[in-house]
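Engineer: Sharing upload_8.txt below, compact mmCIF, C-alpha atoms and all ligand atoms:
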# COMPACT_ATOMS: atom_id res chain seq x y z
CA MET J 934 -3.33 -51.51 -19.30
CA VAL J 935 -0.51 -49.20 -18.43
CA GLY J 936 -0.20 -47.65 -21.88
CA THR J 937 -3.77 -46.39 -22.05
CA CYS J 938 -4.15 -45.15 -18.47
CA PRO J 939 -5.44 -41.55 -18.36
CA ARG J 940 -2.81 -39.28 -16.81
CA TYR J 941 -4.50 -38.04 -13.66
CA ASP J 942 -2.89 -37.02 -10.42
CA TYR J 943 -5.26 -37.00 -7.44
CA GLY J 944 -8.12 -36.12 -9.78
CA VAL J 945 -6.39 -33.18 -11.42
CA PRO J 946 -5.66 -33.74 -15.13
CA VAL J 947 -1.94 -33.49 -15.83
CA ASN J 948 -1.18 -30.92 -18.51
CA ASP J 949 1.07 -32.69 -20.97
CA SER J 950 3.19 -29.74 -21.97
CA THR J 951 5.35 -31.82 -24.27
CA THR J 952 2.52 -32.41 -26.73
CA ALA J 953 0.67 -29.07 -26.39
CA ALA J 954 1.47 -26.58 -29.15
CA PRO J 955 3.66 -23.79 -27.72
CA GLN J 956 1.71 -20.57 -27.23
CA PRO J 957 3.39 -17.19 -27.67
CA GLN J 958 3.72 -15.53 -24.27
CA ALA J 959 3.35 -11.80 -23.57
CA VAL J 960 6.67 -10.94 -21.95
CA LEU J 961 7.99 -7.80 -20.24
CA VAL J 962 11.69 -7.59 -19.38
CA THR J 963 12.82 -4.68 -17.22
CA GLY J 964 16.24 -3.29 -18.08
CA GLY J 965 16.01 -5.20 -21.34
CA ASN J 966 17.96 -2.63 -23.33
CA ARG J 967 21.38 -4.10 -22.57
CA GLY J 968 23.38 -6.82 -20.82
CA ILE J 969 21.62 -9.87 -19.42
CA GLY J 970 18.15 -8.31 -19.83
CA LEU J 971 18.75 -7.82 -23.54
CA ALA J 972 19.90 -11.43 -23.93
CA ILE J 973 16.75 -12.60 -22.11
CA ALA J 974 14.49 -10.41 -24.27
CA ARG J 975 16.14 -11.57 -27.51
CA SER J 976 15.91 -15.19 -26.44
CA PHE J 977 12.14 -14.91 -25.84
CA ALA J 978 11.67 -13.02 -29.11
CA GLU J 979 13.69 -15.55 -31.12
CA ALA J 980 11.49 -18.32 -29.66
CA GLY J 981 8.44 -16.56 -31.10
CA HIS J 982 7.13 -14.82 -27.99
CA ASP J 983 5.75 -11.28 -27.88
CA VAL J 984 8.28 -9.17 -26.02
CA VAL J 985 8.48 -5.63 -24.69
CA VAL J 986 11.58 -4.32 -22.92
CA THR J 987 11.84 -1.38 -20.59
CA HIS J 988 14.56 1.23 -21.04
CA ARG J 989 15.16 4.44 -19.15
CA SER J 990 16.21 6.66 -22.01
CA GLY J 991 17.00 6.64 -25.73
CA GLN J 992 15.57 4.06 -28.09
CA PRO J 993 14.79 0.38 -27.50
CA PRO J 994 17.33 -2.09 -28.91
CA GLU J 995 17.02 -2.88 -32.62
CA GLY J 996 14.25 -5.32 -33.40
CA LEU J 997 12.57 -5.07 -29.99
CA ARG J 998 9.67 -2.94 -28.82
CA GLY J 999 10.26 -0.84 -25.76
CA VAL J 1000 8.61 1.36 -23.15
CA VAL J 1001 10.31 3.92 -20.95
CA CYS J 1002 10.40 2.93 -17.28
CA ASP J 1003 12.26 3.85 -14.13
CA VAL J 1004 11.60 1.09 -11.63
CA THR J 1005 12.22 3.43 -8.69
CA ASP J 1006 9.10 5.40 -9.64
CA THR J 1007 5.69 3.75 -9.10
CA ALA J 1008 3.90 6.01 -11.62
CA SER J 1009 6.54 5.22 -14.25
CA VAL J 1010 6.14 1.46 -13.63
CA ASP J 1011 2.35 1.66 -13.88
CA ARG J 1012 2.57 3.72 -17.07
CA ALA J 1013 5.09 1.33 -18.61
CA PHE J 1014 2.84 -1.69 -17.95
CA THR J 1015 -0.16 0.07 -19.46
CA GLU J 1016 1.85 0.95 -22.57
CA ALA J 1017 3.35 -2.53 -22.78
CA GLU J 1018 -0.10 -4.10 -22.57
CA GLU J 1019 -1.27 -1.85 -25.40
CA ILE J 1020 1.67 -2.97 -27.53
CA LEU J 1021 1.21 -6.63 -26.62
CA GLY J 1022 -2.57 -6.47 -27.01
CA ARG J 1023 -3.06 -8.34 -23.73
CA PRO J 1024 -1.84 -8.33 -20.12
CA VAL J 1025 1.74 -9.26 -19.32
CA GLU J 1026 1.98 -13.01 -18.70
CA VAL J 1027 5.71 -13.19 -18.00
CA LEU J 1028 7.50 -10.54 -15.97
CA VAL J 1029 11.28 -10.72 -15.89
CA ALA J 1030 12.40 -8.25 -13.21
CA ASN J 1031 16.00 -7.79 -14.30
CA ALA J 1032 16.78 -4.09 -13.78
CA GLY J 1033 19.55 -3.73 -11.25
CA ILE J 1034 22.44 -1.59 -10.08
CA THR J 1035 25.47 -1.84 -7.81
CA LYS J 1036 26.97 0.79 -5.56
CA ASP J 1037 29.68 -1.17 -3.80
CA GLY J 1038 31.53 0.02 -0.74
CA LEU J 1039 32.73 -1.19 2.63
CA LEU J 1040 30.04 -1.33 5.31
CA MET J 1041 31.65 1.27 7.56
CA ARG J 1042 31.83 3.77 4.72
CA MET J 1043 28.55 3.02 2.98
CA SER J 1044 26.20 5.98 2.90
CA ASP J 1045 22.47 5.73 3.57
CA GLU J 1046 21.96 7.01 0.03
CA ASP J 1047 24.01 4.22 -1.57
CA PHE J 1048 22.29 1.58 0.53
CA ASP J 1049 18.82 2.95 -0.22
CA ALA J 1050 19.46 3.46 -3.94
CA VAL J 1051 20.42 -0.18 -4.46
CA LEU J 1052 17.50 -1.49 -2.39
CA ASP J 1053 15.09 0.87 -4.16
CA THR J 1054 16.11 -0.32 -7.63
CA ASN J 1055 16.85 -4.00 -7.08
CA LEU J 1056 14.26 -4.98 -4.47
CA THR J 1057 11.54 -2.32 -4.27
CA GLY J 1058 11.72 -1.94 -8.07
CA ALA J 1059 11.00 -5.66 -8.49
CA PHE J 1060 8.16 -5.37 -5.94
CA ARG J 1061 6.61 -2.43 -7.86
CA CYS J 1062 6.72 -4.39 -11.11
CA ALA J 1063 5.37 -7.61 -9.55
CA ARG J 1064 2.54 -5.70 -7.84
CA ARG J 1065 1.47 -4.20 -11.17
CA ALA J 1066 1.97 -7.43 -13.12
CA VAL J 1067 -0.22 -9.61 -10.91
CA LYS J 1068 -3.31 -7.48 -11.64
CA GLY J 1069 -3.57 -9.05 -15.10
CA MET J 1070 -2.16 -12.40 -14.01
CA ILE J 1071 -4.81 -12.89 -11.31
CA ARG J 1072 -7.57 -12.17 -13.85
CA ALA J 1073 -5.99 -14.58 -16.33
CA ARG J 1074 -5.32 -17.13 -13.57
CA HIS J 1075 -1.90 -17.53 -15.12
CA GLY J 1076 1.42 -15.78 -14.75
CA ARG J 1077 5.16 -16.20 -14.47
CA ILE J 1078 7.32 -13.88 -12.39
CA VAL J 1079 11.08 -14.30 -12.70
CA LEU J 1080 13.28 -12.21 -10.44
CA ILE J 1081 16.94 -11.85 -11.43
CA SER J 1082 18.98 -12.09 -8.28
CA SER J 1083 22.67 -12.99 -7.93
CA VAL J 1084 24.86 -15.67 -6.40
CA VAL J 1085 25.88 -12.92 -3.98
CA GLY J 1086 22.33 -12.78 -2.61
CA LEU J 1087 22.85 -15.96 -0.61
CA LEU J 1088 26.65 -16.19 -0.61
CA GLY J 1089 27.24 -12.60 0.50
CA GLY J 1090 29.91 -10.36 -0.92
CA ALA J 1091 32.48 -8.17 0.85
CA GLY J 1092 31.78 -4.57 -0.11
CA GLN J 1093 28.28 -5.48 -1.29
CA THR J 1094 26.06 -5.30 1.81
CA ASN J 1095 23.49 -3.25 -0.09
CA TYR J 1096 23.56 -5.35 -3.28
CA SER J 1097 23.61 -8.68 -1.45
CA ALA J 1098 20.75 -7.65 0.87
CA SER J 1099 18.68 -6.50 -2.10
CA LYS J 1100 19.26 -9.75 -3.98
CA ALA J 1101 18.51 -11.88 -0.89
CA GLY J 1102 15.28 -9.91 -0.45
CA LEU J 1103 14.12 -11.14 -3.84
CA VAL J 1104 13.97 -14.67 -2.42
CA GLY J 1105 11.47 -13.59 0.26
CA LEU J 1106 9.54 -11.66 -2.37
CA ALA J 1107 9.26 -14.67 -4.72
CA ARG J 1108 8.36 -17.06 -1.90
CA SER J 1109 5.69 -14.76 -0.48
CA ILE J 1110 4.17 -14.26 -3.94
CA THR J 1111 4.18 -18.04 -4.31
CA ARG J 1112 2.30 -18.49 -1.02
CA GLU J 1113 -0.14 -15.68 -1.81
CA LEU J 1114 -0.84 -16.43 -5.47
CA GLY J 1115 0.33 -19.97 -6.15
CA GLY J 1116 -3.30 -21.14 -6.21
CA ARG J 1117 -4.09 -18.69 -9.04
CA GLY J 1118 -1.75 -20.29 -11.54
CA ILE J 1119 1.03 -17.79 -10.85
CA THR J 1120 4.60 -18.87 -10.21
CA ALA J 1121 7.38 -16.67 -8.85
CA ASN J 1122 10.98 -17.80 -9.01
CA VAL J 1123 14.43 -16.39 -8.54
CA VAL J 1124 17.23 -16.93 -11.05
CA ALA J 1125 20.61 -16.32 -9.44
CA PRO J 1126 23.45 -15.81 -11.92
CA GLY J 1127 27.09 -16.03 -10.93
CA PHE J 1128 29.80 -14.41 -13.04
CA ILE J 1129 28.46 -13.58 -16.47
CA GLU J 1130 30.43 -12.41 -19.51
CA THR J 1131 29.28 -8.81 -19.68
CA GLU J 1132 30.93 -5.44 -20.24
CA MET J 1133 31.48 -5.35 -16.48
CA THR J 1134 33.44 -8.60 -16.28
CA GLU J 1135 35.35 -7.81 -19.50
CA GLN J 1136 36.75 -4.73 -17.79
CA LEU J 1137 38.33 -6.78 -14.97
CA SER J 1138 42.09 -7.32 -15.26
CA GLU J 1139 43.24 -10.64 -16.71
CA ASP J 1140 44.68 -11.65 -13.30
CA LEU J 1141 41.43 -10.91 -11.49
CA GLN J 1142 39.42 -12.79 -14.12
CA LYS J 1143 41.79 -15.73 -13.69
CA SER J 1144 41.39 -15.78 -9.91
CA TYR J 1145 37.59 -15.55 -10.17
CA ARG J 1146 37.53 -18.38 -12.70
CA ALA J 1147 39.62 -20.52 -10.36
CA SER J 1148 36.91 -20.20 -7.68
CA ILE J 1149 34.16 -21.42 -10.04
CA PRO J 1150 33.84 -25.21 -10.25
CA ALA J 1151 32.89 -24.89 -13.95
CA GLY J 1152 36.16 -22.98 -14.49
CA ARG J 1153 34.59 -20.29 -16.65
CA PHE J 1154 32.13 -17.40 -16.69
CA ALA J 1155 28.66 -17.95 -18.18
CA THR J 1156 27.30 -16.24 -21.25
CA ALA J 1157 24.23 -14.03 -20.84
CA ASP J 1158 22.48 -16.48 -23.15
CA GLU J 1159 22.97 -19.29 -20.64
CA VAL J 1160 21.05 -17.20 -18.11
CA ALA J 1161 18.38 -16.41 -20.71
CA ARG J 1162 17.77 -20.08 -21.46
CA VAL J 1163 17.11 -20.84 -17.79
CA VAL J 1164 14.77 -17.85 -17.50
CA ARG J 1165 12.85 -19.06 -20.53
CA TRP J 1166 12.55 -22.54 -19.10
CA VAL J 1167 11.26 -21.35 -15.72
CA ALA J 1168 8.77 -19.06 -17.49
CA GLY J 1169 7.60 -21.86 -19.75
CA PRO J 1170 5.05 -24.67 -19.49
CA ASP J 1171 7.58 -27.29 -18.43
CA ALA J 1172 8.15 -25.39 -15.17
CA ALA J 1173 4.48 -24.97 -14.24
CA TYR J 1174 5.06 -26.75 -10.91
CA VAL J 1175 8.25 -24.86 -10.00
CA SER J 1176 7.64 -21.90 -7.70
CA GLY J 1177 9.48 -20.18 -4.88
CA ALA J 1178 12.70 -21.73 -6.16
CA VAL J 1179 16.14 -20.20 -6.33
CA ILE J 1180 17.74 -21.44 -9.52
CA PRO J 1181 21.49 -20.86 -9.68
CA VAL J 1182 23.22 -20.24 -13.00
CA ASP J 1183 26.67 -19.98 -11.51
CA GLY J 1184 28.76 -22.97 -12.55
CA GLY J 1185 28.61 -24.26 -8.97
CA LEU J 1186 30.05 -21.14 -7.35
CA GLY J 1187 27.29 -20.74 -4.76
CA MET J 1188 26.39 -24.31 -3.95
CA GLY J 1189 25.98 -25.26 -0.34
CA HIS J 1190 23.26 -22.85 0.61
P1 LIG J 1201 23.72 -3.87 -16.72
O1 LIG J 1201 24.34 -2.87 -15.82
O2 LIG J 1201 24.37 -4.20 -18.01
O3 LIG J 1201 22.20 -3.47 -17.01
C1 LIG J 1201 21.35 -3.08 -15.98
C2 LIG J 1201 20.01 -2.78 -16.57
O4 LIG J 1201 19.15 -2.33 -15.52
C3 LIG J 1201 20.07 -1.68 -17.62
O5 LIG J 1201 19.15 -1.95 -18.63
C4 LIG J 1201 19.64 -0.46 -16.82
O6 LIG J 1201 19.05 0.56 -17.60
C5 LIG J 1201 18.58 -1.08 -15.93
N1 LIG J 1201 18.27 -0.23 -14.79
C6 LIG J 1201 19.09 0.19 -13.80
N2 LIG J 1201 18.44 0.99 -12.96
C7 LIG J 1201 17.16 1.10 -13.42
C8 LIG J 1201 16.01 1.80 -13.00
N3 LIG J 1201 15.99 2.58 -11.91
N4 LIG J 1201 14.87 1.67 -13.71
C9 LIG J 1201 14.85 0.90 -14.82
N5 LIG J 1201 15.92 0.22 -15.29
C10 LIG J 1201 17.07 0.32 -14.60
O7 LIG J 1201 23.55 -5.17 -15.79
P2 LIG J 1201 23.66 -6.72 -16.13
O8 LIG J 1201 23.05 -7.02 -17.45
O9 LIG J 1201 25.02 -7.16 -15.85
O10 LIG J 1201 22.73 -7.30 -14.95
C11 LIG J 1201 21.35 -7.50 -15.12
C12 LIG J 1201 20.81 -8.11 -13.84
O11 LIG J 1201 21.53 -9.28 -13.52
C13 LIG J 1201 20.96 -7.18 -12.65
O12 LIG J 1201 19.84 -7.30 -11.80
C14 LIG J 1201 22.21 -7.70 -11.96
O13 LIG J 1201 22.21 -7.41 -10.60
C15 LIG J 1201 22.09 -9.18 -12.23
N6 LIG J 1201 23.34 -9.93 -12.18
C16 LIG J 1201 24.38 -9.61 -13.03
C17 LIG J 1201 25.55 -10.36 -12.99
C18 LIG J 1201 26.71 -10.08 -13.91
O14 LIG J 1201 27.73 -10.80 -13.85
N7 LIG J 1201 26.62 -9.12 -14.80
C19 LIG J 1201 25.72 -11.45 -12.04
C20 LIG J 1201 24.58 -11.68 -11.20
C21 LIG J 1201 23.44 -10.94 -11.29
P3 LIG J 1201 19.96 1.76 -18.22
O15 LIG J 1201 20.55 1.20 -19.49
O16 LIG J 1201 19.00 2.85 -18.43
O17 LIG J 1201 21.02 2.07 -17.19
In structure tokens, write the structure found in this file.

Structural biologist:
Amino acid sequence: MVGTCPRYDYGVPVNDSTTAAPQPQAVLVTGGNRGIGLAIARSFAEAGHDVVVTHRSGQPPEGLRGVVCDVTDTASVDRAFTEAEEILGRPVEVLVANAGITKDGLLMRMSDEDFDAVLDTNLTGAFRCARRAVKGMIRARHGRIVLISSVVGLLGGAGQTNYSASKAGLVGLARSITRELGGRGITANVVAPGFIETEMTEQLSEDLQKSYRASIPAGRFATADEVARVVRWVAGPDAAYVSGAVIPVDGGLGMGH
């Protein structure tokens, strides 16, 4: 009787996420005050989740709750998580490590400071946040870590040795977390955007935008919301068995690696 068979897989009941009522998740998005991070935070909030963003200065964006955090400072990260957990009323279940910077330059001319600054923010910053986040996730035996990388992490980018190395490092970080904590109900994945319509890409000349678009199989840049939707999916119940993955949101630009 196929229709009435219980859905078991090697003795482990399969969680039918399509019929379970969606639960609001406690979400922290670093660098959620603008750009892609803001789009991710708004997307979670609009879907009914409980969201806190980090910002370095000023006020949080309208309609969102925020905590001050500099991801290059361990004490600041720890403080921000404690404050976020007070606001959320429970430990962070979904960490979106989005904060990032660029300091581009040719290899021969790149200073130690510019290399270190990008690694410290993009890679060590994500490590600091993940280390703090898993405290609560291990206790809850549930957690979702989403690291925002870049197509350049695996494709490389001339003038971006620091940025590309930092974004490639996130893959090792996610995969090691997966091996270490996959058995505790924690997933860690990398989302790798390509060209996204942001203030940065808007400032490129029309000619440059045209030549970049020509190199993208999809023939266009993505919206920040298209990245946000993928982040939400990988943080959600339908992606419970996806971990250590690199998920491109790049219109095909980086395929082949
Ligand atoms: P933005 O420059 O618009 O925003 C970067 C965010 O990171 C800001 O909120 C910024 O805060 C925050 N941030 C930077 N340094 C720190 C720090 N030390 N501590 C805490 N927060 C910090 O970037 P995008 O929205 O364009 O990019 C977001 C992420 O997506 C980055 O990781 C980027 O590498 C990645 N990405 C972007 C692409 C694009 O086309 N834009 C393509 C591929 C990947 P503050 O406002 O205080 O400066």

Engineer: Could you tell me which of J:Asn1095, J:Ser1148, J:Thr1120, J:Ser1176 comes closest to ligand LIG 1201 (chain J) if we count only C-alpha atoms and all ligand atoms?

Structural biologist: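 Smallest distance to ligand LIG 1201 (chain J) is found for J:Asn1095.
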
Engineer: Step by step, gather every atom of ligand LIG 1201 (chain J) that the file lists, find the box along x, y and z that holds them, add 8 Å on each side, and finally give centre and edge lengths in Å to one decimal, as AutoDock Vina command-line options.

Structural biologist:
--center_x 21.3 --center_y -4.4 --center_z -15.0 --size_x 28.9 --size_y 30.5 --size_z 24.9

Engineer: Env of Gly965 in chain J: 7 Å cut, atoms = only C-alpha atoms, seq-sep filter 3 positions within chain, self excluded. Answer as a list of chain:residue names.

Structural biologist: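 In the requested format, the answer is J:Val962, J:Gly970, J:Leu971, J:Ala974, J:Val986, J:Thr987, J:His988.
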
Engineer: Taking all atoms listed in the file into account, which of J:Gly1177, J:Pro1170, J:Gly1038, J:Gly1058 comes nearest ligand LIG 1201 (chain J)?

Structural biologist: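 Checking each candidate against ligand LIG 1201 (chain J), we get J:Gly1058 as the closest.
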
Engineer: What lies within 9 Å of Gly1033 in chain J using all atoms listed in the file, ignoring chain neighbours under 3 positions off, as a ChimeraX atom specification?

Structural biologist: /J:964,1030,1051,1054-1056,1058,1081-1082

Engineer: What does the distance from CA of Glu1019 in chain J to CA of Thr963 in chain J come to in Å, to one decimal?

Structural biologist: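 Taking CA of Glu1019 in chain J as the start and CA of Thr963 in chain J as the end point, the length is 16.5 Å.
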
Engineer: From the options J:Val1160, J:Leu1052, J:Val1025, J:Met1043, which residue's atoms come nearest to Arg1072 in chain J, counting only C-alpha atoms?

Structural biologist: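 Closest residue, counting only C-alpha atoms: J:Val1025.
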
Engineer: For each of J:Gly1118, J:Gly991, J:Gly1102, J:Gly1086, take the minimum atom-to-atom distance to Ile1071 in chain J, counting only C-alpha atoms, then give the residue where this is smallest.

Structural biologist: J:Gly1118

Engineer: Kindly compile the residues surrounding ligand LIG 1201 (chain J) within 6 Å, counting all atoms listed in the file, and format them as a compact mmCIF listing (two decimals) with C-alpha atoms, keeping the file's coordinate frame.

Structural biologist:
# COMPACT_ATOMS: atom_id res chain seq x y z
CA GLY J 964 16.24 -3.29 -18.08
CA GLY J 965 16.01 -5.20 -21.34
CA ASN J 966 17.96 -2.63 -23.33
CA ARG J 967 21.38 -4.10 -22.57
CA GLY J 968 23.38 -6.82 -20.82
CA ILE J 969 21.62 -9.87 -19.42
CA GLY J 970 18.15 -8.31 -19.83
CA HIS J 988 14.56 1.23 -21.04
CA ARG J 989 15.16 4.44 -19.15
CA SER J 990 16.21 6.66 -22.01
CA CYS J 1002 10.40 2.93 -17.28
CA ASP J 1003 12.26 3.85 -14.13
CA VAL J 1004 11.60 1.09 -11.63
CA THR J 1005 12.22 3.43 -8.69
CA ASN J 1031 16.00 -7.79 -14.30
CA ALA J 1032 16.78 -4.09 -13.78
CA GLY J 1033 19.55 -3.73 -11.25
CA ILE J 1034 22.44 -1.59 -10.08
CA THR J 1054 16.11 -0.32 -7.63
CA ILE J 1081 16.94 -11.85 -11.43
CA SER J 1082 18.98 -12.09 -8.28
CA SER J 1083 22.67 -12.99 -7.93
CA PRO J 1126 23.45 -15.81 -11.92
CA GLY J 1127 27.09 -16.03 -10.93
CA PHE J 1128 29.80 -14.41 -13.04
CA ILE J 1129 28.46 -13.58 -16.47
CA THR J 1131 29.28 -8.81 -19.68

Engineer: Using the partial input, fill out range 974-999 of chain J with N, CA and C atoms; write the result as a short mmCIF file (atom, residue, chain, number, x, y, z; two decimals), in the frame of the given file.

Structural biologist:
data_model
loop_
_atom_site.label_atom_id
_atom_site.label_comp_id
_atom_site.auth_asym_id
_atom_site.auth_seq_id
_atom_site.Cartn_x
_atom_site.Cartn_y
_atom_site.Cartn_z
N ALA J 974 15.54 -10.91 -23.37
CA ALA J 974 14.49 -10.41 -24.27
C ALA J 974 14.66 -11.01 -25.67
N ARG J 975 15.89 -11.01 -26.17
CA ARG J 975 16.14 -11.57 -27.51
C ARG J 975 15.82 -13.06 -27.56
N SER J 976 16.15 -13.76 -26.48
CA SER J 976 15.91 -15.19 -26.44
C SER J 976 14.40 -15.49 -26.52
N PHE J 977 13.60 -14.73 -25.76
CA PHE J 977 12.14 -14.91 -25.84
C PHE J 977 11.64 -14.57 -27.24
N ALA J 978 12.15 -13.46 -27.79
CA ALA J 978 11.67 -13.02 -29.11
C ALA J 978 12.03 -14.05 -30.19
N GLU J 979 13.25 -14.57 -30.12
CA GLU J 979 13.69 -15.55 -31.12
C GLU J 979 12.87 -16.84 -31.03
N ALA J 980 12.33 -17.12 -29.82
CA ALA J 980 11.49 -18.32 -29.66
C ALA J 980 10.04 -18.05 -30.06
N GLY J 981 9.78 -16.85 -30.57
CA GLY J 981 8.44 -16.56 -31.10
C GLY J 981 7.49 -15.90 -30.12
N HIS J 982 8.01 -15.47 -28.97
CA HIS J 982 7.13 -14.82 -27.99
C HIS J 982 7.01 -13.33 -28.29
N ASP J 983 5.99 -12.71 -27.70
CA ASP J 983 5.75 -11.28 -27.88
C ASP J 983 6.43 -10.55 -26.72
N VAL J 984 7.40 -9.72 -27.06
CA VAL J 984 8.28 -9.17 -26.02
C VAL J 984 8.29 -7.65 -26.05
N VAL J 985 8.23 -7.07 -24.85
CA VAL J 985 8.48 -5.63 -24.69
C VAL J 985 9.58 -5.48 -23.65
N VAL J 986 10.54 -4.60 -23.92
CA VAL J 986 11.58 -4.32 -22.92
C VAL J 986 11.36 -2.94 -22.34
N THR J 987 11.84 -2.74 -21.10
CA THR J 987 11.84 -1.38 -20.59
C THR J 987 13.24 -0.81 -20.74
N HIS J 988 13.29 0.50 -20.99
CA HIS J 988 14.56 1.23 -21.04
C HIS J 988 14.31 2.58 -20.41
N ARG J 989 15.37 3.17 -19.85
CA ARG J 989 15.16 4.44 -19.15
C ARG J 989 15.24 5.64 -20.07
N SER J 990 16.08 5.52 -21.09
CA SER J 990 16.21 6.66 -22.01
C SER J 990 16.53 6.12 -23.40
N GLY J 991 16.63 7.02 -24.37
CA GLY J 991 17.00 6.64 -25.73
C GLY J 991 15.96 5.77 -26.40
N GLN J 992 16.45 4.93 -27.29
CA GLN J 992 15.57 4.06 -28.09
C GLN J 992 15.69 2.62 -27.60
N PRO J 993 14.65 1.80 -27.84
CA PRO J 993 14.79 0.38 -27.50
C PRO J 993 15.81 -0.27 -28.43
N PRO J 994 16.36 -1.41 -28.05
CA PRO J 994 17.33 -2.09 -28.91
C PRO J 994 16.69 -2.47 -30.25
N GLU J 995 17.52 -2.57 -31.28
CA GLU J 995 17.02 -2.88 -32.62
C GLU J 995 16.20 -4.17 -32.62
N GLY J 996 15.06 -4.12 -33.24
CA GLY J 996 14.25 -5.32 -33.40
C GLY J 996 13.34 -5.62 -32.22
N LEU J 997 13.44 -4.83 -31.15
CA LEU J 997 12.57 -5.07 -29.99
C LEU J 997 11.72 -3.84 -29.72
N ARG J 998 10.52 -4.07 -29.18
CA ARG J 998 9.67 -2.94 -28.82
C ARG J 998 9.93 -2.57 -27.37
N GLY J 999 9.89 -1.27 -27.10
CA GLY J 999 10.26 -0.84 -25.76
C GLY J 999 9.33 0.21 -25.19
#
